[in-house]
Amino acid sequence: MLLKGVTLRGLEVFEALAKTGSVAQTAEITGLSQPAVSQQLRNLEKALGGDLVDHGRRPMVVTPAGRNFLSRAELVLSELRLAQSEMSVMDLTHLSTLSIGLIDDFDNDLTPRLATILADSMTQCRFKMITASSLEISRAMDARELNIAIAASTGEPRSGITEYPLVRDPFILVAPKGLLGSAEVDIDRLNTLPFLRYAREQLISQQIEAQMQRAGFAFEERFEIGSHLALMAMVARRIGWAVTTPLGYMRAERFHDQLEAFPLPFGALERTISLFAASDWADRVPRDVATTSRRLVQSQMIDKVVARLPWLAGEFKVIND
C-alpha cells in the first residue's frame, strides 16, 4: 500500500520539477497552478519524510535522496503510461483491413510500439504499415492508399480528409559541441561553419527555408542532405550546423555527445504532427489511434527530450483533442 500522500499526481509533479527546476515550468507541463505544484511537492516530501529538492536554490536541484527516488518514480510512471497507451486501442476486432503510414521520425520509438499494440488488437484484420517522409505519406493518403496517416501537417485543409493534431514539434538549432560556447546563439559564430540543409523536396526543408526568408536570413548553399541521420552525423563531425526538431534530435541519439541544441535564433517556428483519416471513415478508430499515439509520444519521446533539454518544457508537447 502506498504511503498516505504519495499520489500519481505528486510523482508527476516531482518528475517534471526535477527536469525543469522551476515551479512555473512544472505548472505549465502538468496543467496545475503554481500553488498546487508546491502543495503536491510538500505532500510528497511529507509522506516520504525528507526533502526531494533543495528549496533554497533556483533553479531547484534534486537532493541525493531525491535522485534515488526519482529513478524509481520514473520507472513507475513510464510503465503506467505504456499500460495506459496499450489500453486505449483494444477493440479493433471489427476491422477487416487497416493500412497506416507513419512519418519516419517515429521509427526509433513510437512505430514499433504502435505496430505491436495495433496488431494485438486486430486478430482478424489484414494490416499494412509503412514508414516514409511526410510528403510521401501525404501523397499516399491523397491517393487513398492508406486509411490512416501520421505525418507533418502543411496547415492547409484537404478535401475528404479529417486532421487530428497530435504533437507540437518546435524547430531547434543543432550545432557541433562547443561551437557556440553558451546558451545564446551567436550568428557570427554560426557563419564560421556552413548551414547543412535538408533536401529541398522535403517538407521540413521547405518550412525551414520559408521561416529564414521571412526573418531575413540567408546562408551559403553548399550542402543539401536527404538523410536525416547523415545530416546529424555531419554536424557531429563539425562539418556544419543544422535546423531540426526535437523528434529529429532524438532520432540522432548516437551523436548526442557531439551535439548541442539551442532555441531557434530566427524567430519561433514549429510544425504540427497530425493524424489524417478519410472523412468517410469511422471516427472512433482514428480518434483511438490518435489517443494512443499521443500517449506514446509523451512517454517515449517528449519526456526523454525534456529530460535532456529542459528549456523545451511546454514547447515540445502533445496537442490534446
# chains A, B, ... in the order shown; residues from 1 in each chain; ligands from 1

call {"tool": "residues_around", "arguments": {"residues": "A:Thr26", "least_positions_apart": "6", "cutoff": "10 Å", "atoms": "only C-alpha atoms", "output": "number ranges by chain"}}
result
A: 12-20, 32-34, 37-38, 313-314

call {"tool": "select_by_dssp", "arguments": {"residues": "stretch 18-97 of chain A", "states": "strand (DSSP E)", "output": "PyMOL selection string"}}
result
chain A and resi 53-54+61-62+97

call {"tool": "write_last_selection", "arguments": {"atoms": "C-alpha atoms", "output": "short mmCIF file (atom, residue, chain, number, x, y, z; two decimals), in the first residue's frame"}}
result
data_model
loop_
_atom_site.label_atom_id
_atom_site.label_comp_id
_atom_site.auth_asym_id
_atom_site.auth_seq_id
_atom_site.Cartn_x
_atom_site.Cartn_y
_atom_site.Cartn_z
CA VAL A 53 14.71 19.04 -3.86
CA ASP A 54 16.87 21.81 -2.45
CA VAL A 61 18.15 20.95 -7.67
CA VAL A 62 17.25 17.39 -6.73
CA THR A 97 -8.38 -4.13 -43.24
#

call {"tool": "closest_residue", "arguments": {"among": "A:Gly240, A:Gly49, A:Pro265, A:Gly226", "to": "A:Pro194", "atoms": "only C-alpha atoms"}}
result
A:Gly240

call {"tool": "closest_residue", "arguments": {"among": "A:Ala218, A:Ala199, A:Val306, A:Ile161", "to": "A:Asp280", "atoms": "only C-alpha atoms"}}
result
A:Ile161

call {"tool": "select_by_dssp", "arguments": {"residues": "stretch 64-167 of chain A", "states": "alpha helix (DSSP H)", "output": "MDAnalysis selection string"}}
result
chainID A and resid 64:88 110:121 134:142

call {"tool": "closest_residue", "arguments": {"among": "A:Ala73, A:Ala47, A:Leu312, A:Ile150", "to": "A:Leu110", "atoms": "only C-alpha atoms"}}
result
A:Ile150

call {"tool": "residues_around", "arguments": {"residues": "A:Phe171", "least_positions_apart": "4", "cutoff": "6 Å", "atoms": "only C-alpha atoms", "output": "PyMOL selection string"}}
result
chain A and resi 244-245+269-270

call {"tool": "write_last_selection", "arguments": {"atoms": "N, CA, C and O atoms", "output": "PDB file, in the first residue's frame"}}
result
ATOM      1  N   THR A 244      16.649  21.447 -37.007  1.00  0.00           N
ATOM      2  CA  THR A 244      15.823  20.243 -36.986  1.00  0.00           C
ATOM      3  C   THR A 244      14.731  20.440 -35.945  1.00  0.00           C
ATOM      4  O   THR A 244      14.397  21.567 -35.585  1.00  0.00           O
ATOM      5  N   THR A 245      14.147  19.370 -35.462  1.00  0.00           N
ATOM      6  CA  THR A 245      13.120  19.434 -34.422  1.00  0.00           C
ATOM      7  C   THR A 245      13.496  18.467 -33.306  1.00  0.00           C
ATOM      8  O   THR A 245      14.400  17.631 -33.480  1.00  0.00           O
ATOM      9  N   LEU A 269       9.430  28.944 -34.554  1.00  0.00           N
ATOM     10  CA  LEU A 269       8.890  28.164 -35.670  1.00  0.00           C
ATOM     11  C   LEU A 269       8.593  26.772 -35.156  1.00  0.00           C
ATOM     12  O   LEU A 269       9.379  26.202 -34.391  1.00  0.00           O
ATOM     13  N   GLU A 270       7.487  26.253 -35.554  1.00  0.00           N
ATOM     14  CA  GLU A 270       7.126  24.902 -35.144  1.00  0.00           C
ATOM     15  C   GLU A 270       6.375  24.216 -36.262  1.00  0.00           C
ATOM     16  O   GLU A 270       5.878  24.867 -37.185  1.00  0.00           O
TER      17      GLU A 270
END

call {"tool": "closest_residue", "arguments": {"among": "A:Ala290, A:Leu75, A:Met212, A:Leu203", "to": "A:Arg271", "atoms": "only C-alpha atoms"}}
result
A:Leu203

call {"tool": "closest_residue", "arguments": {"among": "A:Ala210, A:Val318, A:Leu48, A:Met129", "to": "A:Arg168", "atoms": "only C-alpha atoms"}}
result
A:Val318

call {"tool": "residues_around", "arguments": {"residues": "A:Gly178", "least_positions_apart": "4", "cutoff": "10 Å", "atoms": "only C-alpha atoms", "output": "ChimeraX atom specification"}}
result
/A:182,238,258-260

call {"tool": "write_last_selection", "arguments": {"atoms": "all heavy atoms", "output": "short mmCIF file (atom, residue, chain, number, x, y, z; two decimals), in the first residue's frame"}}
result
data_model
loop_
_atom_site.label_atom_id
_atom_site.label_comp_id
_atom_site.auth_asym_id
_atom_site.auth_seq_id
_atom_site.Cartn_x
_atom_site.Cartn_y
_atom_site.Cartn_z
N SER A 182 27.85 29.00 -25.41
CA SER A 182 26.90 29.49 -24.41
C SER A 182 25.50 29.15 -24.88
O SER A 182 25.29 28.60 -25.96
CB SER A 182 27.03 31.00 -24.22
OG SER A 182 26.51 31.69 -25.34
N ARG A 238 31.51 18.20 -37.07
CA ARG A 238 31.90 19.61 -37.16
C ARG A 238 32.01 20.11 -38.60
O ARG A 238 32.75 21.04 -38.91
CB ARG A 238 33.19 19.88 -36.39
CG ARG A 238 33.21 19.35 -34.98
CD ARG A 238 34.45 19.78 -34.21
NE ARG A 238 34.34 21.19 -33.84
CZ ARG A 238 33.67 21.63 -32.78
NH1 ARG A 238 33.01 20.78 -31.99
NH2 ARG A 238 33.63 22.92 -32.50
N GLN A 258 28.25 14.59 -29.21
CA GLN A 258 28.98 15.52 -30.07
C GLN A 258 28.11 16.71 -30.53
O GLN A 258 28.56 17.53 -31.33
CB GLN A 258 29.50 14.79 -31.32
CG GLN A 258 30.62 13.79 -31.05
CD GLN A 258 30.07 12.44 -30.61
OE1 GLN A 258 29.14 11.92 -31.20
NE2 GLN A 258 30.64 11.88 -29.55
N LEU A 259 26.88 16.79 -30.02
CA LEU A 259 25.95 17.84 -30.45
C LEU A 259 25.51 18.72 -29.29
O LEU A 259 25.53 18.29 -28.14
CB LEU A 259 24.69 17.20 -31.06
CG LEU A 259 24.83 16.27 -32.26
CD1 LEU A 259 23.48 15.69 -32.63
CD2 LEU A 259 25.43 17.01 -33.45
N GLU A 260 25.09 19.93 -29.63
CA GLU A 260 24.41 20.80 -28.68
C GLU A 260 23.20 21.40 -29.38
O GLU A 260 23.26 21.74 -30.57
CB GLU A 260 25.33 21.92 -28.18
CG GLU A 260 26.37 21.43 -27.19
CD GLU A 260 27.22 22.55 -26.65
OE1 GLU A 260 27.73 23.35 -27.46
OE2 GLU A 260 27.39 22.63 -25.41
#

call {"tool": "closest_residue", "arguments": {"among": "A:Ala132, A:Ile208, A:Leu98, A:Val167", "to": "A:Glu145", "atoms": "only C-alpha atoms"}}
result
A:Leu98

call {"tool": "atom_distance", "arguments": {"atom1": "atom CA of A:Val6", "atom2": "atom CA of A:Leu44"}}
result
5.4 Å

call {"tool": "residues_around", "arguments": {"residues": "A:Ser153", "least_positions_apart": "5", "cutoff": "7 Å", "atoms": "only C-alpha atoms", "output": "VMD selection string"}}
result
chain A and resid 272 to 274

call {"tool": "write_last_selection", "arguments": {"atoms": "N, CA, C and O atoms", "output": "short mmCIF file (atom, residue, chain, number, x, y, z; two decimals), in the first residue's frame"}}
result
data_model
loop_
_atom_site.label_atom_id
_atom_site.label_comp_id
_atom_site.auth_asym_id
_atom_site.auth_seq_id
_atom_site.Cartn_x
_atom_site.Cartn_y
_atom_site.Cartn_z
N THR A 272 3.42 20.91 -36.85
CA THR A 272 2.45 20.07 -36.19
C THR A 272 2.46 18.69 -36.82
O THR A 272 2.39 18.57 -38.05
N ILE A 273 2.59 17.68 -35.98
CA ILE A 273 2.45 16.30 -36.44
C ILE A 273 1.01 15.89 -36.19
O ILE A 273 0.52 16.01 -35.06
N SER A 274 0.33 15.43 -37.22
CA SER A 274 -1.09 15.13 -37.12
C SER A 274 -1.40 13.73 -37.62
O SER A 274 -0.62 13.13 -38.38
#

call {"tool": "atom_distance", "arguments": {"atom1": "atom CA of A:Asn43", "atom2": "atom CA of A:Gly10"}}
result
7.6 Å

call {"tool": "residues_around", "arguments": {"residues": "A:Ala278", "least_positions_apart": "4", "cutoff": "7 Å", "atoms": "only C-alpha atoms", "output": "JSON, numbers by chain"}}
result
{"A": [147, 160, 161, 162]}

call {"tool": "write_last_selection", "arguments": {"atoms": "all heavy atoms", "output": "compact mmCIF listing (two decimals), in the first residue's frame"}}
result
# COMPACT_ATOMS: atom_id res chain seq x y z
N ASN A 147 -5.58 4.17 -45.01
CA ASN A 147 -6.76 4.54 -44.23
C ASN A 147 -6.43 5.64 -43.23
O ASN A 147 -7.24 6.54 -42.97
CB ASN A 147 -7.32 3.34 -43.47
CG ASN A 147 -7.67 2.17 -44.37
OD1 ASN A 147 -7.15 1.08 -44.19
ND2 ASN A 147 -8.54 2.41 -45.33
N GLY A 160 -11.88 15.87 -48.16
CA GLY A 160 -12.17 14.47 -47.87
C GLY A 160 -11.29 13.86 -46.81
O GLY A 160 -11.36 12.64 -46.59
N ILE A 161 -10.48 14.66 -46.15
CA ILE A 161 -9.57 14.14 -45.13
C ILE A 161 -9.73 14.94 -43.84
O ILE A 161 -9.75 16.17 -43.85
CB ILE A 161 -8.10 14.20 -45.60
CG1 ILE A 161 -7.89 13.26 -46.80
CG2 ILE A 161 -7.14 13.84 -44.47
CD1 ILE A 161 -6.51 13.31 -47.39
N THR A 162 -9.89 14.23 -42.73
CA THR A 162 -10.00 14.86 -41.41
C THR A 162 -8.66 14.81 -40.71
O THR A 162 -7.97 13.77 -40.73
CB THR A 162 -11.06 14.15 -40.56
OG1 THR A 162 -12.32 14.19 -41.24
CG2 THR A 162 -11.20 14.82 -39.20

call {"tool": "residues_around", "arguments": {"residues": "A:Gly267", "least_positions_apart": "4", "cutoff": "12 Å", "atoms": "only C-alpha atoms", "output": "ChimeraX atom specification"}}
result
/A:170-173,185,208,210-217,263

call {"tool": "write_last_selection", "arguments": {"atoms": "N, CA, C and O atoms", "output": "compact mmCIF listing (two decimals), in the first residue's frame"}}
result
# COMPACT_ATOMS: atom_id res chain seq x y z
N PRO A 170 8.56 21.91 -32.11
CA PRO A 170 9.24 23.17 -32.45
C PRO A 170 10.57 22.93 -33.15
O PRO A 170 11.24 21.92 -32.90
N PHE A 171 10.97 23.86 -33.99
CA PHE A 171 12.28 23.76 -34.63
C PHE A 171 13.35 24.25 -33.68
O PHE A 171 13.15 25.20 -32.90
N ILE A 172 14.50 23.60 -33.73
CA ILE A 172 15.64 23.94 -32.88
C ILE A 172 16.91 23.96 -33.73
O ILE A 172 16.94 23.39 -34.83
N LEU A 173 17.91 24.64 -33.23
CA LEU A 173 19.21 24.68 -33.92
C LEU A 173 20.13 23.64 -33.28
O LEU A 173 20.21 23.54 -32.06
N VAL A 185 22.68 31.88 -29.09
CA VAL A 185 23.18 31.58 -30.43
C VAL A 185 23.79 32.84 -31.02
O VAL A 185 23.11 33.85 -31.19
N ILE A 208 11.54 25.24 -43.07
CA ILE A 208 12.70 25.95 -42.51
C ILE A 208 13.10 27.11 -43.41
O ILE A 208 13.35 28.23 -42.95
N ALA A 210 11.34 28.75 -45.58
CA ALA A 210 10.34 29.82 -45.57
C ALA A 210 10.50 30.71 -44.35
O ALA A 210 10.40 31.95 -44.44
N GLN A 211 10.78 30.11 -43.19
CA GLN A 211 10.96 30.91 -41.98
C GLN A 211 12.21 31.78 -42.06
O GLN A 211 12.20 32.94 -41.67
N MET A 212 13.29 31.23 -42.59
CA MET A 212 14.53 32.01 -42.71
C MET A 212 14.33 33.20 -43.65
O MET A 212 14.82 34.30 -43.40
N GLN A 213 13.60 32.98 -44.72
CA GLN A 213 13.33 34.08 -45.66
C GLN A 213 12.50 35.17 -44.99
O GLN A 213 12.78 36.37 -45.16
N ARG A 214 11.49 34.76 -44.23
CA ARG A 214 10.66 35.75 -43.53
C ARG A 214 11.48 36.55 -42.52
O ARG A 214 11.25 37.74 -42.33
N ALA A 215 12.46 35.88 -41.87
CA ALA A 215 13.28 36.55 -40.87
C ALA A 215 14.44 37.32 -41.48
O ALA A 215 15.17 38.02 -40.77
N GLY A 216 14.63 37.19 -42.80
CA GLY A 216 15.69 37.93 -43.48
C GLY A 216 17.06 37.33 -43.35
O GLY A 216 18.07 38.04 -43.48
N PHE A 217 17.16 36.03 -43.12
CA PHE A 217 18.45 35.36 -43.00
C PHE A 217 18.74 34.55 -44.26
O PHE A 217 17.85 33.87 -44.80
N PRO A 263 17.59 27.03 -28.79
CA PRO A 263 16.39 27.61 -29.39
C PRO A 263 16.72 28.24 -30.74
O PRO A 263 17.82 28.75 -30.94
